[in-house]
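Before any comments, here is the structure.
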Amino acid sequence: MSINLLHRHVLEDYISGFETDPNPNHVAVSRRPVIFSVLAHRGQETAVAEALGSAHGVVLRFCSPSEWLLVSRTAGPATVAGILSDIAGASFADQSDGRVLMTISGPSVRNILGKCVAVDLHPEVFAEDYSANMLFCHVAANVARSGPDTFEIIVPRSLAGSAFEELLEMGREHALTRGFSD
Amino acid sequence: MASLITCPHCGARPKEEFSVRGAAMPARPSPMAKDEAWHAYVYIRDNPKGRYQEYWHHAAGCRRWLVVDRDNLTHDVFGVTDAADFVQARGIE
């Protein structure tokens, strides 16, 4: 899959505005994701990880052996807080307003992310549903693979503008488009 | 400086994700220890050439303190352990 940019003038986007129709390579930003940060108390790490893994309607993102992010696009914050308060030995905080969730997908996604992170994203190393904290465009972010060509990136709110601009810049040669997902 | 550090929790990561604190071997004296012991711990440090154990903080990753066993001459990394495990392995002093 290659997108021919030769017929486009280099200043096309600057003069007539950036494209808003999604191209094959697209970044979708969630307007209102539900993101909770969860910390396990000392000695409770395994029990909390197991309890979180069996929770329904939420996706678990690994940060460290005793820290996770819980993401949901369907359940409301009250529901997620209810799930978490039932887990013994865990402390949690609603980070929905403090984090930004971006989903990048497309055939060139690994080429684009290869310029943003210094971590091997080959499917044999970074498999589906795998997630980790890493430096993403000079910002400490959580990167997860949610599909063969789909990655979800969670960045702190105050650095989201910088990371987003750099991501678009890196995706420019692959005609990366952006938009809200909802 | 070694450019790739294999974090026990996150895997191989570039050194830019870490911040280095300093030597891991000197044991912290007890709060009631004599001034001489604290002076030695705070100010009198070796500057070895060769194999060296250092505290590294994985600031942009798992945010855990690690102990990196590396050679500051050849840049070889011999092992990376979580600082909690390192202290436990060293025993109560």
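Letters A, B, ... mark the chains of the structure tokens in the order given; residue numbers begin at 1 per chain; ligand numbers begin at 1, in order shown.
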Worksheet item: Could you pull out the alpha helix (DSSP H) residues of chain B from DSSP and send them as number ranges by chain?
Response: B: 35-42, 83-90
Discussion item. Residues of chain A within 8 Å of chain B, counting only C-alpha atoms, what are they? List them as a list of chain:residue names.
Written reply: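 Those within range of chain B come out as A:Cys63, A:Ser64, A:Pro65, A:Ala118, A:Val119, A:Ala132, A:Asn133, A:Met134, A:Leu135, A:Val139, A:Ala140, A:Ala141.
Excluding region 18-30 of chain B itself and any same-chain residue fewer than 5 positions from it, the protein and nucleic acid residues within 8 Å of it, counting only C-alpha atoms, are Ala37, Trp38, Tyr41, Tyr52, Gln53, Glu54, Tyr55, Trp56, His57, His58, Ala59, Ala60, Val67 and Glu93 of chain B.
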Selected residues written out with all heavy atoms, as a compact mmCIF listing (two decimals), in the first residue's frame:
```
# COMPACT_ATOMS: atom_id res chain seq x y z
N ALA B 37 30.83 8.03 59.63
CA ALA B 37 30.23 7.05 58.72
C ALA B 37 29.39 7.76 57.66
O ALA B 37 29.43 7.43 56.47
CB ALA B 37 29.37 6.07 59.51
N TRP B 38 28.64 8.78 58.08
CA TRP B 38 27.81 9.52 57.12
C TRP B 38 28.67 10.33 56.16
O TRP B 38 28.36 10.44 54.99
CB TRP B 38 26.83 10.44 57.87
CG TRP B 38 25.58 9.70 58.21
CD1 TRP B 38 25.23 9.19 59.42
CD2 TRP B 38 24.54 9.36 57.30
NE1 TRP B 38 24.02 8.54 59.34
CE2 TRP B 38 23.58 8.63 58.04
CE3 TRP B 38 24.31 9.57 55.95
CZ2 TRP B 38 22.42 8.13 57.47
CZ3 TRP B 38 23.15 9.08 55.38
CH2 TRP B 38 22.22 8.37 56.13
N TYR B 41 29.93 8.03 53.64
CA TYR B 41 28.88 7.57 52.72
C TYR B 41 28.52 8.67 51.71
O TYR B 41 28.34 8.42 50.52
CB TYR B 41 27.64 7.17 53.52
CG TYR B 41 26.45 6.84 52.66
CD1 TYR B 41 26.42 5.66 51.92
CD2 TYR B 41 25.37 7.70 52.57
CE1 TYR B 41 25.33 5.36 51.12
CE2 TYR B 41 24.29 7.41 51.77
CZ TYR B 41 24.27 6.24 51.05
OH TYR B 41 23.19 5.94 50.25
N TYR B 52 31.10 -1.97 37.53
CA TYR B 52 30.54 -0.97 38.42
C TYR B 52 29.04 -1.21 38.54
O TYR B 52 28.37 -1.49 37.55
CB TYR B 52 30.83 0.38 37.76
CG TYR B 52 30.53 1.62 38.53
CD1 TYR B 52 30.81 1.71 39.87
CD2 TYR B 52 29.99 2.73 37.89
CE1 TYR B 52 30.56 2.88 40.56
CE2 TYR B 52 29.73 3.89 38.57
CZ TYR B 52 30.01 3.95 39.91
OH TYR B 52 29.75 5.11 40.59
N GLN B 53 28.52 -1.13 39.76
CA GLN B 53 27.07 -1.28 39.94
C GLN B 53 26.47 0.07 40.28
O GLN B 53 26.95 0.76 41.17
CB GLN B 53 26.79 -2.29 41.04
CG GLN B 53 26.98 -3.71 40.54
CD GLN B 53 26.94 -4.71 41.65
OE1 GLN B 53 27.52 -4.48 42.71
NE2 GLN B 53 26.27 -5.81 41.42
N GLU B 54 25.42 0.40 39.58
CA GLU B 54 24.88 1.74 39.67
C GLU B 54 23.37 1.71 39.82
O GLU B 54 22.70 0.86 39.24
CB GLU B 54 25.19 2.48 38.36
CG GLU B 54 26.05 3.70 38.51
CD GLU B 54 26.42 4.26 37.14
OE1 GLU B 54 25.99 3.74 36.11
OE2 GLU B 54 27.14 5.26 37.15
N TYR B 55 22.80 2.67 40.53
CA TYR B 55 21.33 2.83 40.58
C TYR B 55 20.88 3.59 39.34
O TYR B 55 21.39 4.68 39.06
CB TYR B 55 20.92 3.62 41.81
CG TYR B 55 20.83 2.81 43.07
CD1 TYR B 55 21.57 3.15 44.19
CD2 TYR B 55 19.98 1.72 43.15
CE1 TYR B 55 21.48 2.41 45.36
CE2 TYR B 55 19.88 0.98 44.31
CZ TYR B 55 20.63 1.33 45.41
OH TYR B 55 20.54 0.59 46.55
N TRP B 56 19.94 3.00 38.61
CA TRP B 56 19.33 3.68 37.47
C TRP B 56 17.83 3.72 37.72
O TRP B 56 17.24 2.73 38.15
CB TRP B 56 19.58 2.92 36.16
CG TRP B 56 20.97 3.02 35.61
CD1 TRP B 56 22.13 2.85 36.28
CD2 TRP B 56 21.34 3.32 34.25
NE1 TRP B 56 23.20 3.02 35.43
CE2 TRP B 56 22.74 3.30 34.18
CE3 TRP B 56 20.61 3.57 33.09
CZ2 TRP B 56 23.43 3.55 32.99
CZ3 TRP B 56 21.30 3.81 31.91
CH2 TRP B 56 22.70 3.81 31.87
N HIS B 57 17.22 4.86 37.43
CA HIS B 57 15.77 4.98 37.58
C HIS B 57 15.13 4.92 36.20
O HIS B 57 15.48 5.72 35.33
CB HIS B 57 15.42 6.30 38.27
CG HIS B 57 13.96 6.43 38.58
ND1 HIS B 57 13.24 7.56 38.27
CD2 HIS B 57 13.09 5.57 39.14
CE1 HIS B 57 11.99 7.37 38.64
NE2 HIS B 57 11.87 6.19 39.17
N HIS B 58 14.19 4.00 36.00
CA HIS B 58 13.55 3.89 34.69
C HIS B 58 12.41 4.92 34.61
O HIS B 58 11.23 4.60 34.68
CB HIS B 58 13.03 2.46 34.47
CG HIS B 58 12.73 2.19 33.04
ND1 HIS B 58 12.26 1.00 32.59
CD2 HIS B 58 12.85 2.96 31.94
CE1 HIS B 58 12.09 1.05 31.28
NE2 HIS B 58 12.44 2.24 30.87
N ALA B 59 12.81 6.17 34.45
CA ALA B 59 11.89 7.30 34.62
C ALA B 59 10.77 7.30 33.58
O ALA B 59 9.64 7.65 33.90
CB ALA B 59 12.67 8.60 34.55
N ALA B 60 11.06 6.90 32.35
CA ALA B 60 10.03 6.96 31.30
C ALA B 60 9.37 5.61 31.08
O ALA B 60 8.59 5.45 30.16
CB ALA B 60 10.64 7.47 30.00
N VAL B 67 19.24 -1.73 39.47
CA VAL B 67 20.68 -1.74 39.67
C VAL B 67 21.30 -2.31 38.40
O VAL B 67 21.03 -3.44 38.03
CB VAL B 67 21.08 -2.56 40.91
CG1 VAL B 67 22.59 -2.69 40.97
CG2 VAL B 67 20.56 -1.90 42.16
N GLU B 93 21.78 -5.36 56.45
CA GLU B 93 23.11 -4.98 56.97
C GLU B 93 22.95 -4.04 58.15
O GLU B 93 22.00 -3.31 58.24
CB GLU B 93 23.91 -4.30 55.86
CG GLU B 93 24.36 -5.32 54.82
CD GLU B 93 24.82 -4.64 53.54
OE1 GLU B 93 25.83 -3.94 53.58
OE2 GLU B 93 24.16 -4.81 52.53
```
Practice prompt. Find the residues around region 120-131 of chain A up to 8 Å (only C-alpha atoms counted), leave out those fewer than 2 positions away in its own chain, and share them as number ranges by chain.
Written response: A: 61-63, 110, 114, 118, 133, 142-148
Worksheet item: How many Å separate CA of Ser37 (chain A) from CA of Asp82 (chain B)?
Response: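 It comes out at 22.0 Å.
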Item to complete: Find the distance between CA of Thr177 (chain A) and CA of His26 (chain A) and write it in Å to one decimal.
Response: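 For CA of Thr177 (chain A) relative to CA of His26 (chain A), the distance reads 4.8 Å.
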Discussion item. With only C-alpha atoms as the counted atoms, please give the residues lying no more than 10 Å from His56 (chain A), apart from itself and same-chain residues fewer than 4 positions off, as a list in words.
Written reply: Leu52, Ser72, Ala75, Val80 and Ile83 of chain A
Practice prompt. From a DSSP calculation on the backbone, collect every residue of region 7-47 of chain B in strand (DSSP E) and output the set as a PyMOL selection string.
Written response: chain B and resi 7+11-14+19-23
